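Trainee: Contents of upload.csv (CSV, C-alpha atoms):
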chain,number,residue,atom,x,y,z
O,1,MET,CA,-25.2,-190.2,42.3
O,2,LEU,CA,-28.3,-188.4,43.6
O,3,LYS,CA,-29.9,-185.6,41.6
O,4,VAL,CA,-31.8,-183.1,43.6
O,5,SER,CA,-33.7,-180.1,42.3
O,6,GLY,CA,-33.5,-176.6,43.4
O,7,LEU,CA,-36.2,-173.9,42.8
O,8,ASN,CA,-36.2,-172.4,39.3
O,9,GLY,CA,-35.1,-175.8,37.9
O,10,GLU,CA,-31.5,-175.5,39.1
O,11,GLN,CA,-29.9,-178.9,39.4
O,12,ASN,CA,-27.5,-179.8,42.1
O,13,ILE,CA,-25.7,-183.2,41.8
O,14,ILE,CA,-24.5,-184.9,45.0
O,15,ASN,CA,-22.1,-187.8,44.5
O,16,HIS,CA,-22.1,-190.6,46.9
O,17,PRO,CA,-18.9,-191.2,48.7
O,18,ASP,CA,-16.2,-192.9,46.7
O,19,ASP,CA,-13.7,-195.4,48.2
O,20,SER,CA,-12.0,-192.6,50.1
O,21,GLY,CA,-15.2,-191.6,51.9
O,22,GLN,CA,-15.2,-188.2,50.2
O,23,GLU,CA,-18.3,-186.5,48.6
O,24,SER,CA,-18.5,-183.6,46.3
O,25,LEU,CA,-21.2,-181.1,45.4
O,26,SER,CA,-20.8,-180.4,41.7
O,27,SER,CA,-22.6,-177.2,41.0
O,28,LYS,CA,-21.1,-174.9,43.7
O,29,GLN,CA,-18.4,-174.7,46.2
O,30,CYS,CA,-19.9,-172.5,48.9
O,31,VAL,CA,-23.6,-172.7,49.7
O,32,ARG,CA,-25.8,-170.8,52.1
O,33,ILE,CA,-27.4,-172.9,54.9
O,34,ALA,CA,-29.8,-172.3,57.8
O,35,VAL,CA,-29.5,-174.1,61.1
O,36,ALA,CA,-31.9,-174.1,64.0
O,37,LEU,CA,-30.4,-174.2,67.5
O,38,GLY,CA,-32.1,-175.2,70.8
O,39,SER,CA,-31.3,-176.0,74.4
O,40,ASN,CA,-33.2,-176.6,77.6
O,41,LEU,CA,-30.6,-178.2,79.8
O,42,GLY,CA,-27.8,-176.3,81.6
O,43,ASP,CA,-26.9,-172.7,80.8
O,44,SER,CA,-28.7,-172.7,77.5
O,45,GLN,CA,-27.7,-169.3,76.2
O,46,THR,CA,-24.0,-169.9,77.0
O,47,ILE,CA,-24.2,-173.4,75.3
O,48,LEU,CA,-25.8,-172.0,72.2
O,49,ALA,CA,-23.3,-169.1,71.9
O,50,ALA,CA,-20.4,-171.5,72.4
O,51,ALA,CA,-21.8,-173.9,69.7
O,52,ILE,CA,-22.1,-171.1,67.2
O,53,ALA,CA,-18.5,-170.1,68.0
O,54,GLN,CA,-17.2,-173.6,67.6
O,55,LEU,CA,-19.0,-174.1,64.3
O,56,SER,CA,-17.7,-170.7,63.1
O,57,ALA,CA,-14.2,-171.8,63.9
O,58,ILE,CA,-14.3,-174.7,61.4
O,59,PRO,CA,-12.4,-173.6,58.2
O,60,LYS,CA,-15.2,-174.6,55.8
O,61,ILE,CA,-17.9,-172.7,57.7
O,62,GLN,CA,-18.5,-169.0,57.9
O,63,LEU,CA,-21.1,-167.3,60.0
O,64,GLU,CA,-23.3,-164.9,58.1
O,65,ALA,CA,-26.1,-164.1,60.6
O,66,THR,CA,-27.4,-165.0,64.0
O,67,SER,CA,-31.0,-164.4,65.2
O,68,SER,CA,-32.1,-163.2,68.6
O,69,TRP,CA,-32.8,-165.9,71.3
O,70,TYR,CA,-36.4,-166.9,72.0
O,71,ARG,CA,-37.9,-168.7,74.9
O,72,THR,CA,-40.3,-171.4,73.6
O,73,LYS,CA,-42.5,-174.1,75.0
O,74,ALA,CA,-41.1,-177.6,74.6
O,75,VAL,CA,-42.6,-180.0,72.1
O,76,GLY,CA,-42.8,-183.6,73.5
O,77,PRO,CA,-42.8,-184.9,77.0
O,78,PRO,CA,-43.0,-182.5,80.0
O,79,GLN,CA,-39.7,-180.6,80.3
O,80,PRO,CA,-38.3,-177.1,80.7
O,81,ASP,CA,-38.8,-174.4,78.1
O,82,TYR,CA,-36.3,-174.1,75.3
O,83,ILE,CA,-34.0,-171.3,74.2
O,84,ASN,CA,-34.1,-171.3,70.4
O,85,GLY,CA,-32.5,-169.3,67.6
O,86,CYS,CA,-31.2,-169.7,64.1
O,87,VAL,CA,-28.0,-169.0,62.2
O,88,ILE,CA,-27.3,-168.5,58.5
O,89,MET,CA,-23.8,-169.8,57.4
O,90,GLN,CA,-21.8,-170.2,54.2
O,91,VAL,CA,-20.4,-173.7,54.0
O,92,ASP,CA,-18.0,-175.6,51.7
O,93,MET,CA,-19.2,-179.1,52.6
O,94,THR,CA,-21.8,-181.6,51.4
O,95,PRO,CA,-25.1,-181.9,53.2
O,96,GLN,CA,-24.0,-185.3,54.7
O,97,LEU,CA,-20.6,-183.9,56.0
O,98,LEU,CA,-22.5,-180.9,57.4
O,99,LEU,CA,-24.9,-183.2,59.2
O,100,GLU,CA,-22.0,-185.2,60.7
O,101,THR,CA,-20.4,-182.0,61.8
O,102,LEU,CA,-23.6,-180.8,63.5
O,103,LEU,CA,-24.1,-184.2,65.3
O,104,ALA,CA,-20.5,-184.2,66.5
O,105,THR,CA,-21.0,-180.7,67.8
O,106,GLU,CA,-24.1,-181.7,69.7
O,107,GLN,CA,-22.2,-184.6,71.3
O,108,GLN,CA,-19.3,-182.3,72.3
O,109,PHE,CA,-21.9,-180.2,74.3
O,110,GLY,CA,-23.3,-183.3,76.1
O,111,ARG,CA,-26.2,-184.2,73.8
O,112,VAL,CA,-27.6,-187.6,74.8
O,113,ARG,CA,-30.4,-189.1,72.7
O,114,GLN,CA,-32.6,-191.0,75.1
O,115,GLU,CA,-36.2,-190.2,74.0
O,116,ARG,CA,-37.7,-188.6,71.0
O,117,TRP,CA,-38.2,-184.8,71.6
O,118,GLY,CA,-36.7,-185.2,75.1
O,119,PRO,CA,-34.8,-182.5,76.9
O,120,ARG,CA,-31.3,-181.7,75.5
O,121,SER,CA,-28.3,-179.6,76.2
O,122,LEU,CA,-27.9,-178.8,72.5
O,123,ASP,CA,-30.0,-179.4,69.4
O,124,LEU,CA,-28.8,-178.5,65.9
O,125,ASP,CA,-31.1,-179.0,63.0
O,126,LEU,CA,-30.1,-178.4,59.4
O,127,LEU,CA,-33.1,-176.6,58.0
O,128,LEU,CA,-32.1,-175.4,54.5
O,129,TYR,CA,-29.1,-176.1,52.3
O,130,ASP,CA,-29.4,-173.4,49.6
O,131,GLN,CA,-32.4,-174.5,47.4
O,132,VAL,CA,-31.6,-178.2,47.6
O,133,ILE,CA,-34.3,-180.7,48.2
O,134,LEU,CA,-32.9,-184.0,49.5
O,135,ASP,CA,-34.5,-187.1,50.9
O,136,THR,CA,-32.2,-189.8,52.1
O,137,PRO,CA,-32.6,-192.4,55.0
O,138,ASN,CA,-30.7,-190.1,57.4
O,139,LEU,CA,-31.2,-186.6,56.1
O,140,GLN,CA,-34.1,-184.6,54.7
O,141,ILE,CA,-33.7,-181.1,53.4
O,142,PRO,CA,-35.6,-178.9,53.9
O,143,HIS,CA,-36.1,-180.1,57.5
O,144,PRO,CA,-39.4,-182.0,57.2
O,145,ARG,CA,-41.2,-180.2,60.1
O,146,MET,CA,-39.8,-176.7,59.9
O,147,ARG,CA,-42.9,-175.3,58.2
O,148,GLU,CA,-45.1,-176.2,61.2
O,149,ARG,CA,-42.7,-175.0,64.0
O,150,ALA,CA,-43.0,-171.4,65.2
O,151,PHE,CA,-39.8,-171.8,67.3
O,152,VAL,CA,-37.9,-172.4,64.0
O,153,LEU,CA,-39.7,-169.9,61.7
O,154,VAL,CA,-39.8,-166.9,64.0
O,155,PRO,CA,-36.0,-166.7,64.5
O,156,LEU,CA,-35.4,-167.7,60.9
O,157,ALA,CA,-37.7,-165.0,59.6
O,158,GLU,CA,-35.7,-162.5,61.6
O,159,ILE,CA,-32.5,-163.2,59.6
O,160,ALA,CA,-33.7,-164.7,56.3
O,161,PRO,CA,-37.3,-163.5,55.7
O,162,ASP,CA,-37.0,-163.7,51.9
O,163,TRP,CA,-35.4,-167.2,51.7
O,164,ILE,CA,-37.7,-169.4,49.7
O,165,GLU,CA,-38.4,-172.8,51.3
O,166,PRO,CA,-38.0,-174.9,48.1
O,167,VAL,CA,-40.8,-177.5,48.8
O,168,SER,CA,-43.6,-175.0,49.4
O,169,GLY,CA,-42.2,-172.2,47.2
O,170,TYR,CA,-43.1,-169.7,50.0
O,171,THR,CA,-40.7,-167.3,51.7
O,172,ILE,CA,-40.0,-167.8,55.4
O,173,LYS,CA,-41.9,-164.5,56.2
O,174,GLN,CA,-44.9,-166.1,54.4
O,175,LEU,CA,-44.6,-169.4,56.3
O,176,VAL,CA,-44.4,-167.8,59.7
O,177,LYS,CA,-47.8,-166.2,59.2
O,178,ASP,CA,-49.3,-169.7,59.1
O,179,VAL,CA,-48.1,-170.9,62.5
O,180,ASP,CA,-49.2,-170.0,66.1
O,181,CYS,CA,-46.4,-167.9,67.5
O,182,SER,CA,-48.0,-167.3,70.9
O,183,ASP,CA,-45.5,-169.5,72.7
O,184,VAL,CA,-42.4,-167.9,71.2
O,185,HIS,CA,-41.0,-165.0,73.3
O,186,LEU,CA,-38.1,-162.8,72.4
O,187,LEU,CA,-35.3,-162.8,75.0
O,188,LYS,CA,-32.6,-160.6,73.7
O,189,SER,CA,-30.7,-159.7,70.5
O,190,ASN,CA,-27.4,-161.3,69.9
Would you write out, as structure tokens, the structure that this file holds?
Mentor:
Amino acid sequence: MLKVSGLNGEQNIINHPDDSGQESLSSKQCVRIAVALGSNLGDSQTILAAAIAQLSAIPKIQLEATSSWYRTKAVGPPQPDYINGCVIMQVDMTPQLLLETLLATEQQFGRVRQERWGPRSLDLDLLLYDQVILDTPNLQIPHPRMRERAFVLVPLAEIAPDWIEPVSGYTIKQLVKDVDCSDVHLLKSN
């Protein structure tokens, strides 16, 4: 069992999988999550919209809000600019199962992991899972680099400005003031 703390001392207990491979989140059924989306290969806006539609069609996931799309400079090796955005969803699944769902969705849209921060047809990053703080070998929540990335914070501030990032204790609208947003350009509203 792994105990993780939420803001205001709220405790969430995440049980490791039992023999059946199932996990459970004991304090709540449905939780609010934030996911960052990005693409810089293929028809990025179509891919991103299709990924949102596919995730929303999963019975345990409900779309709450979608940000506008933003053109952003790529981080990493030389490559085309990205189209980035964020979504807020309500989910009835554990963080690990959600991560597996996001990774499977990336693969269905042709994601190939060849180099760190390389170009990709679809990138889905779990940013926030309610107020859970989680650090496991394959998953960190909140996303460990979200506070330094304008391409994440700008679209997230559009749809969840008052969400408190549980490690820093600051709202998203406060965090976005501390990053350089000059390479984040609004494309269109969704």
Trainee: I need the residue nearest O:Asp43 from this list: O:Tyr82, O:Lys73, O:Val167, O:Leu139. Use only C-alpha atoms for the distance.
Mentor: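 Closest to O:Asp43 of all the choices is O:Tyr82.
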Trainee: Using all atoms listed in the file, pick whichever of O:Asn40, O:Asn84, O:Gln54, O:Thr72 has the shortest atom-to-atom distance to O:Pro155.
Mentor: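 Nearest candidate to O:Pro155 out of O:Asn40, O:Asn84, O:Gln54, O:Thr72: O:Asn84.
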Trainee: Have a look at O:Val154, O:Ala104, O:Ile172, O:Ile61 and name the one nearest to O:Leu186; count only C-alpha atoms.
Mentor: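 So, comparing all the options, the nearest one is O:Val154.
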Trainee: Please, what distance in Å, to one decimal, runs between atom CA of O:Ile133 and atom CA of O:Ser168?
Mentor: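 Those two atoms sit 11.0 Å apart.
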Trainee: Quick check, in Å to one decimal: how far apart do atom CA of O:Leu126 and atom CA of O:Arg32 lie?
Mentor: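 It comes out at 11.4 Å.
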Trainee: Could you jot down the atom CA of O:Leu156 to atom CA of O:Ser67 separation for me, Å, one decimal place?
Mentor: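 Atom CA of O:Ser67 lies at a distance of 7.0 Å from atom CA of O:Leu156.
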Trainee: Fewer than 2 positions away in the same chain doesn't count, so skip those; otherwise give me all residues within 12 Å of O:Cys181, counting only C-alpha atoms, as a PyMOL selection string.
Mentor: chain O and resi 70-73+148-155+175-179+183-186
Trainee: Taking only C-alpha atoms into account, name the residue in O:Ile52, O:Ile88, O:Leu134, O:Ile141 that is nearest to O:Ile33.
Mentor: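 Closest to O:Ile33, using only C-alpha atoms: O:Ile88.
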Trainee: Could you tell me which of O:Leu187, O:Leu41, O:Val35, O:Met93 comes closest to O:Ile58 if we count only C-alpha atoms?
Mentor: O:Met93
Trainee: Which one is closest to O:Gly85: O:Leu98, O:Ala36, O:Leu124, O:Ile47? Count all atoms listed in the file.
Mentor: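 Counting all atoms listed in the file, the residue closest to O:Gly85 is O:Ala36.
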Trainee: Please, which residues are within 10 Å of (-20.7, -173.2, 65.9) by the file's coordinates, counting all atoms listed in the file, and could they come as JSON, numbers by chain?
Mentor: {"O": [37, 48, 49, 50, 51, 52, 53, 54, 55, 56, 57, 58, 61, 62, 63, 87, 89, 101, 102, 105, 106, 124]}
Trainee: What's the 6 Å shell around O:Asp92, counting all atoms listed in the file, without same-chain residues fewer than 4 positions away, as a list in words?
Mentor: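 Selected residues are Gln29, Cys30 and Lys60 of chain O.
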Trainee: Keeping only C-alpha atoms, write the selected residues as an mmCIF file, in the frame of the given file.
Mentor:
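Written file, result01.cif:
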data_model
loop_
_atom_site.group_PDB
_atom_site.id
_atom_site.type_symbol
_atom_site.label_atom_id
_atom_site.label_comp_id
_atom_site.auth_asym_id
_atom_site.auth_seq_id
_atom_site.Cartn_x
_atom_site.Cartn_y
_atom_site.Cartn_z
ATOM 1 C CA GLN O 29 -18.400 -174.700 46.200
ATOM 2 C CA CYS O 30 -19.900 -172.500 48.900
ATOM 3 C CA LYS O 60 -15.200 -174.600 55.800
#
Trainee: Residues within 12 Å of (-33.3, -182.2, 84.8), file coordinates, counting all atoms listed in the file: what are they? Give the list as an NGL selection string.
Mentor: :O and (40-42 or 78-81 or 118-121)
